[in-house]
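Colleague: One structure, as structure tokens, below. Some questions next.
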Amino acid sequence: PWPREIFGALVEYLKRGNAQIIVFDMIFAEPDVMNPASDAAFARSLEGETPVLFSLVFRETDGESMAPSYEALMQGEILKDRFSLSVFNESPVSFGEYSSVTLPYLSILASASGVGSINYVADPDGPSRGVYPLFLYNGAYYPSLSLASALAACGYRPEDVEITLDNDRTLHAGGLEIPLLPDGRMSIKWHGPYGTYQYYRIGDIIESMLALSRDETPRIDPQTFSGKIVVVGTTAVSLFDLRAMPFSPVYPGVELNATAIDNIINNDFIRHTS
């Protein structure tokens, strides 16, 4: 894994290029106890006006759990106070409640502009054709990473948004509208196979950072990302974020979330008649 300071430098590079928002489709669950300065550099990079969002995962737990640590208690307070959503559900859709969550570690969570779930749900035949935009945990609602990112891109903060679900299963959030399936998912309107969205290797961006520091021409100009929603994720098989989807049995989760964000922002959905 890359040192956290590399991710901090990446954030600074994307900010320099005036990225619209930066979305980490990966879990930073544990601090780097061997290199706290690297964690601190990452947290400092999150300061400023450019929204930077992080991922979380909800889970079901069986049996009794251990008493939470002080850090876990603080994480829970931040999660509910800053990132829970006001939801009024007048639809026939119900959401099962999760009993556990894996969050970004405390300093990242405290500095984040938003968080969202990357829980993956496959259909019975294997591929995923939809994502849940909302999750219920500990009595409060939270967004998927795709919904949180779309709201941030439209200038909304979690505390500013009032979400309603109409009787026709349409989710309204700010100026966004999302048609839902009977189980509460939104159908993903796929735009093509792996590689439909532009990818950049982090190694090339690191080389570009170094080039700029030497007053040389970078391989990737930071202005490449001007006005863009940048989703940072993994594609390597060894990192286990490959999913099945209708076009391919092996598809990066980062592009799944990019597609869902695209669908939501552009009101580009598969709409079911019943």
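Chain identifiers are assigned as A, B, and so on, following the order in which chains appear in the structure tokens; residues are numbered from 1 within each chain, and ligands are numbered from 1 in order of appearance.
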Compile the contact shell of Asp25 in chain A as a ChimeraX atom specification: residues with an atom at most 6 Å away, counting only C-alpha atoms, same-chain residues fewer than 6 positions apart removed.

Modeller: /A:55,232-233

Colleague: As a PyMOL selection string, which residues of range 25-234 of chain A does DSSP assign to alpha helix (DSSP H)?

Modeller: chain A and resi 36-45+70-83+106-111+145-153+202-213

Colleague: Can you list, as a list in words, every protein, DNA or RNA residue that comes within 7 Å of range 131-135 of chain A when you count only C-alpha atoms, leaving out same-chain residues fewer than 6 positions away?

Modeller: Phe95, Val121, Tyr141, Tyr142, Pro143, Ser144, Leu147, Gly184, Arg185, Met186 and Ser187 of chain A

Colleague: Write the selection just made, keeping N, CA and C atoms, as a PDB file, in the first residue's frame?

Modeller:
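See selection26.pdb below for the written result:
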ATOM      1  N   PHE A  95     -35.919  -0.165   4.352  1.00  0.00           N
ATOM      2  CA  PHE A  95     -34.489  -0.431   4.345  1.00  0.00           C
ATOM      3  C   PHE A  95     -34.115  -1.210   5.600  1.00  0.00           C
ATOM      4  N   VAL A 121     -24.051  -5.090  -3.827  1.00  0.00           N
ATOM      5  CA  VAL A 121     -25.171  -6.024  -3.822  1.00  0.00           C
ATOM      6  C   VAL A 121     -25.278  -6.662  -5.200  1.00  0.00           C
ATOM      7  N   TYR A 141     -30.125   7.493   8.741  1.00  0.00           N
ATOM      8  CA  TYR A 141     -29.875   7.180   7.333  1.00  0.00           C
ATOM      9  C   TYR A 141     -28.554   7.802   6.874  1.00  0.00           C
ATOM     10  N   TYR A 142     -27.873   7.063   5.984  1.00  0.00           N
ATOM     11  CA  TYR A 142     -26.618   7.539   5.402  1.00  0.00           C
ATOM     12  C   TYR A 142     -26.629   7.252   3.904  1.00  0.00           C
ATOM     13  N   PRO A 143     -25.885   8.053   3.117  1.00  0.00           N
ATOM     14  CA  PRO A 143     -25.921   7.871   1.663  1.00  0.00           C
ATOM     15  C   PRO A 143     -24.929   6.821   1.179  1.00  0.00           C
ATOM     16  N   SER A 144     -25.181   6.322  -0.005  1.00  0.00           N
ATOM     17  CA  SER A 144     -24.154   5.580  -0.724  1.00  0.00           C
ATOM     18  C   SER A 144     -23.062   6.566  -1.118  1.00  0.00           C
ATOM     19  N   LEU A 147     -24.356   8.603  -4.121  1.00  0.00           N
ATOM     20  CA  LEU A 147     -25.282   9.683  -3.784  1.00  0.00           C
ATOM     21  C   LEU A 147     -24.551  10.814  -3.064  1.00  0.00           C
ATOM     22  N   GLY A 184     -35.601  -0.905  -3.184  1.00  0.00           N
ATOM     23  CA  GLY A 184     -34.906   0.292  -2.729  1.00  0.00           C
ATOM     24  C   GLY A 184     -33.642   0.628  -3.486  1.00  0.00           C
ATOM     25  N   ARG A 185     -33.252  -0.219  -4.442  1.00  0.00           N
ATOM     26  CA  ARG A 185     -32.063   0.084  -5.235  1.00  0.00           C
ATOM     27  C   ARG A 185     -32.404   0.987  -6.414  1.00  0.00           C
ATOM     28  N   MET A 186     -31.399   1.687  -6.933  1.00  0.00           N
ATOM     29  CA  MET A 186     -31.512   2.353  -8.230  1.00  0.00           C
ATOM     30  C   MET A 186     -30.826   1.469  -9.260  1.00  0.00           C
ATOM     31  N   SER A 187     -31.467   1.295 -10.414  1.00  0.00           N
ATOM     32  CA  SER A 187     -30.848   0.547 -11.498  1.00  0.00           C
ATOM     33  C   SER A 187     -29.695   1.353 -12.086  1.00  0.00           C
TER      34      SER A 187
END

Colleague: Near range 165-168 of chain A, within 7 Å and counting only C-alpha atoms, which residues show up once chain neighbours fewer than 6 positions away are dropped, as a count of residues only?

Modeller: 5

Colleague: Just the residues within 12 Å of Asp204 in chain A, please, counting only C-alpha atoms, with nothing from its chain fewer than 2 positions along; format it as a PyMOL selection string.

Modeller: chain A and resi 10+199-202+206-211+218-222

Colleague: When DSSP works through the backbone of this structure, what residues of range 58-137 of chain A end up as strand (DSSP E), shown as a list in words?

Modeller: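 Written out, the strand (DSSP E) residues of range 58-137 of chain A are Phe58, Arg59, Ser86, Val87, Phe88, Asn89, Glu97, Tyr98, Ser100, Val101, Thr102, Gly114, Val115, Gly116, Ser117, Gly130, Val131, Leu134, Phe135, Leu136 and Tyr137 of chain A.
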
Colleague: Those same residues, written as a compact mmCIF listing (two decimals), in the first residue's frame with N, CA and C atoms?

Modeller:
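Listed below is the output, out.txt:
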# COMPACT_ATOMS: atom_id res chain seq x y z
N PHE A 58 -21.10 -0.81 5.66
CA PHE A 58 -22.00 -1.29 6.72
C PHE A 58 -21.98 -2.81 6.75
N ARG A 59 -22.16 -3.37 7.95
CA ARG A 59 -22.09 -4.82 8.11
C ARG A 59 -23.16 -5.29 9.09
N SER A 86 -31.45 13.69 6.77
CA SER A 86 -32.87 13.81 7.11
C SER A 86 -33.67 13.13 6.00
N VAL A 87 -34.35 12.05 6.35
CA VAL A 87 -35.07 11.26 5.35
C VAL A 87 -36.54 11.12 5.78
N PHE A 88 -37.44 11.43 4.85
CA PHE A 88 -38.87 11.25 5.06
C PHE A 88 -39.34 10.22 4.04
N ASN A 89 -39.68 9.05 4.53
CA ASN A 89 -40.01 7.94 3.65
C ASN A 89 -41.52 7.73 3.60
N GLU A 97 -31.90 -2.51 8.63
CA GLU A 97 -30.97 -1.74 9.46
C GLU A 97 -29.71 -2.55 9.74
N TYR A 98 -28.56 -1.92 9.51
CA TYR A 98 -27.27 -2.54 9.79
C TYR A 98 -26.88 -2.31 11.24
N SER A 100 -23.43 -2.69 12.29
CA SER A 100 -22.01 -2.39 12.43
C SER A 100 -21.54 -1.61 11.22
N VAL A 101 -20.45 -0.88 11.39
CA VAL A 101 -19.92 -0.09 10.28
C VAL A 101 -18.40 -0.02 10.38
N THR A 102 -17.74 -0.09 9.23
CA THR A 102 -16.30 0.15 9.16
C THR A 102 -16.09 1.55 8.59
N GLY A 114 -17.44 14.48 3.31
CA GLY A 114 -18.59 13.59 3.24
C GLY A 114 -18.13 12.15 3.27
N VAL A 115 -19.06 11.25 3.54
CA VAL A 115 -18.79 9.82 3.50
C VAL A 115 -19.97 9.12 2.84
N GLY A 116 -19.71 7.93 2.31
CA GLY A 116 -20.78 7.16 1.71
C GLY A 116 -20.43 5.70 1.65
N SER A 117 -21.47 4.88 1.63
CA SER A 117 -21.28 3.43 1.65
C SER A 117 -20.89 2.90 0.28
N GLY A 130 -27.67 -2.82 -9.76
CA GLY A 130 -28.19 -1.69 -9.02
C GLY A 130 -27.45 -1.46 -7.72
N VAL A 131 -27.61 -0.27 -7.18
CA VAL A 131 -27.00 0.08 -5.90
C VAL A 131 -28.05 0.73 -5.01
N LEU A 134 -29.43 4.65 -0.17
CA LEU A 134 -29.57 4.94 1.26
C LEU A 134 -29.31 3.69 2.09
N PHE A 135 -28.78 3.91 3.30
CA PHE A 135 -28.53 2.82 4.24
C PHE A 135 -28.98 3.28 5.63
N LEU A 136 -29.56 2.35 6.37
CA LEU A 136 -30.03 2.63 7.71
C LEU A 136 -29.10 1.97 8.72
N TYR A 137 -28.58 2.78 9.62
CA TYR A 137 -27.64 2.27 10.63
C TYR A 137 -27.87 3.01 11.94

Colleague: To one decimal in Å, tell me the separation between CA of Pro3 in chain A and CA of Ile261 in chain A.

Modeller: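 Atom-to-atom, CA of Pro3 in chain A to CA of Ile261 in chain A, that is 27.7 Å.
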
Colleague: Determine, counting only C-alpha atoms, which protein, DNA and RNA residues have an atom within 10 Å of an atom of Phe225 in chain A; residues of the same chain fewer than 2 positions away are not included. Present the result as a PyMOL selection string.

Modeller: chain A and resi 13-21+220-223+227-230

Colleague: Would you mind exporting the chosen residues as a PDB file, in the first residue's frame, restricted to N, CA and C atoms?

Modeller:
ATOM      1  N   TYR A  13      -2.398  17.759  -5.499  1.00  0.00           N
ATOM      2  CA  TYR A  13      -2.213  17.862  -6.950  1.00  0.00           C
ATOM      3  C   TYR A  13      -3.557  18.088  -7.644  1.00  0.00           C
ATOM      4  N   LEU A  14      -4.570  17.334  -7.215  1.00  0.00           N
ATOM      5  CA  LEU A  14      -5.901  17.486  -7.810  1.00  0.00           C
ATOM      6  C   LEU A  14      -6.504  18.844  -7.466  1.00  0.00           C
ATOM      7  N   LYS A  15      -6.247  19.324  -6.269  1.00  0.00           N
ATOM      8  CA  LYS A  15      -6.700  20.673  -5.914  1.00  0.00           C
ATOM      9  C   LYS A  15      -6.018  21.721  -6.788  1.00  0.00           C
ATOM     10  N   ARG A  16      -4.722  21.534  -7.008  1.00  0.00           N
ATOM     11  CA  ARG A  16      -3.976  22.461  -7.864  1.00  0.00           C
ATOM     12  C   ARG A  16      -4.594  22.516  -9.256  1.00  0.00           C
ATOM     13  N   GLY A  17      -5.132  21.393  -9.709  1.00  0.00           N
ATOM     14  CA  GLY A  17      -5.789  21.343 -11.002  1.00  0.00           C
ATOM     15  C   GLY A  17      -7.245  21.756 -10.979  1.00  0.00           C
ATOM     16  N   ASN A  18      -7.746  22.197  -9.803  1.00  0.00           N
ATOM     17  CA  ASN A  18      -9.133  22.660  -9.661  1.00  0.00           C
ATOM     18  C   ASN A  18     -10.161  21.567  -9.925  1.00  0.00           C
ATOM     19  N   ALA A  19      -9.869  20.350  -9.413  1.00  0.00           N
ATOM     20  CA  ALA A  19     -10.878  19.300  -9.469  1.00  0.00           C
ATOM     21  C   ALA A  19     -12.133  19.766  -8.741  1.00  0.00           C
ATOM     22  N   GLN A  20     -13.289  19.343  -9.234  1.00  0.00           N
ATOM     23  CA  GLN A  20     -14.546  19.760  -8.591  1.00  0.00           C
ATOM     24  C   GLN A  20     -14.706  19.092  -7.240  1.00  0.00           C
ATOM     25  N   ILE A  21     -14.614  17.767  -7.204  1.00  0.00           N
ATOM     26  CA  ILE A  21     -14.600  17.032  -5.942  1.00  0.00           C
ATOM     27  C   ILE A  21     -13.650  15.842  -6.102  1.00  0.00           C
ATOM     28  N   ILE A 220       1.155  14.329 -16.791  1.00  0.00           N
ATOM     29  CA  ILE A 220      -0.277  14.634 -16.673  1.00  0.00           C
ATOM     30  C   ILE A 220      -0.405  16.015 -16.055  1.00  0.00           C
ATOM     31  N   ASP A 221      -0.858  16.971 -16.831  1.00  0.00           N
ATOM     32  CA  ASP A 221      -1.021  18.332 -16.332  1.00  0.00           C
ATOM     33  C   ASP A 221      -2.137  18.349 -15.287  1.00  0.00           C
ATOM     34  N   PRO A 222      -1.936  19.005 -14.136  1.00  0.00           N
ATOM     35  CA  PRO A 222      -3.016  19.032 -13.136  1.00  0.00           C
ATOM     36  C   PRO A 222      -4.311  19.628 -13.660  1.00  0.00           C
ATOM     37  N   GLN A 223      -4.234  20.527 -14.663  1.00  0.00           N
ATOM     38  CA  GLN A 223      -5.451  21.119 -15.218  1.00  0.00           C
ATOM     39  C   GLN A 223      -6.297  20.100 -15.986  1.00  0.00           C
ATOM     40  N   GLY A 227     -12.497  21.002 -12.970  1.00  0.00           N
ATOM     41  CA  GLY A 227     -13.947  20.849 -13.043  1.00  0.00           C
ATOM     42  C   GLY A 227     -14.437  19.425 -13.045  1.00  0.00           C
ATOM     43  N   LYS A 228     -13.554  18.469 -12.797  1.00  0.00           N
ATOM     44  CA  LYS A 228     -13.910  17.052 -12.886  1.00  0.00           C
ATOM     45  C   LYS A 228     -14.213  16.451 -11.513  1.00  0.00           C
ATOM     46  N   ILE A 229     -15.070  15.445 -11.523  1.00  0.00           N
ATOM     47  CA  ILE A 229     -15.259  14.579 -10.359  1.00  0.00           C
ATOM     48  C   ILE A 229     -14.212  13.478 -10.471  1.00  0.00           C
ATOM     49  N   VAL A 230     -13.284  13.432  -9.536  1.00  0.00           N
ATOM     50  CA  VAL A 230     -12.184  12.474  -9.577  1.00  0.00           C
ATOM     51  C   VAL A 230     -12.441  11.380  -8.546  1.00  0.00           C
TER      52      VAL A 230
END

Colleague: Show which residues sit within 9 Å of Leu176 in chain A, as a list in words. Count only C-alpha atoms, and ignore same-chain residues fewer than 3 positions away.

Modeller: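 Non-adjacent residues within range: Ala150, Leu151, Cys154, Leu171, His172, Ala173, Ile264, Ile265, Asn266 and Asn267 of chain A.
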
Colleague: Take the selection from the previous step and output its residues with N, CA and C atoms, as a short mmCIF file (atom, residue, chain, number, x, y, z; two decimals), in the first residue's frame.

Modeller:
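out11.cif written:
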data_model
loop_
_atom_site.label_atom_id
_atom_site.label_comp_id
_atom_site.auth_asym_id
_atom_site.auth_seq_id
_atom_site.Cartn_x
_atom_site.Cartn_y
_atom_site.Cartn_z
N ALA A 150 -22.61 12.77 -5.66
CA ALA A 150 -23.48 13.58 -6.52
C ALA A 150 -23.97 14.82 -5.77
N LEU A 151 -24.35 14.66 -4.52
CA LEU A 151 -24.80 15.80 -3.73
C LEU A 151 -23.67 16.81 -3.55
N CYS A 154 -23.06 18.82 -6.59
CA CYS A 154 -24.11 19.82 -6.79
C CYS A 154 -24.09 20.91 -5.72
N LEU A 171 -36.87 9.00 -5.20
CA LEU A 171 -36.10 9.65 -4.14
C LEU A 171 -35.76 11.06 -4.60
N HIS A 172 -36.11 12.05 -3.77
CA HIS A 172 -35.81 13.45 -4.05
C HIS A 172 -34.75 13.92 -3.05
N ALA A 173 -33.65 14.46 -3.57
CA ALA A 173 -32.56 14.96 -2.72
C ALA A 173 -32.03 16.24 -3.34
N ILE A 264 -26.77 9.67 -11.54
CA ILE A 264 -27.52 10.54 -10.62
C ILE A 264 -27.41 12.00 -11.05
N ILE A 265 -26.21 12.47 -11.36
CA ILE A 265 -26.01 13.87 -11.69
C ILE A 265 -26.73 14.24 -12.98
N ASN A 266 -26.70 13.33 -13.96
CA ASN A 266 -27.28 13.63 -15.27
C ASN A 266 -28.71 13.12 -15.44
N ASN A 267 -29.31 12.64 -14.34
CA ASN A 267 -30.69 12.15 -14.39
C ASN A 267 -30.85 11.13 -15.52
#
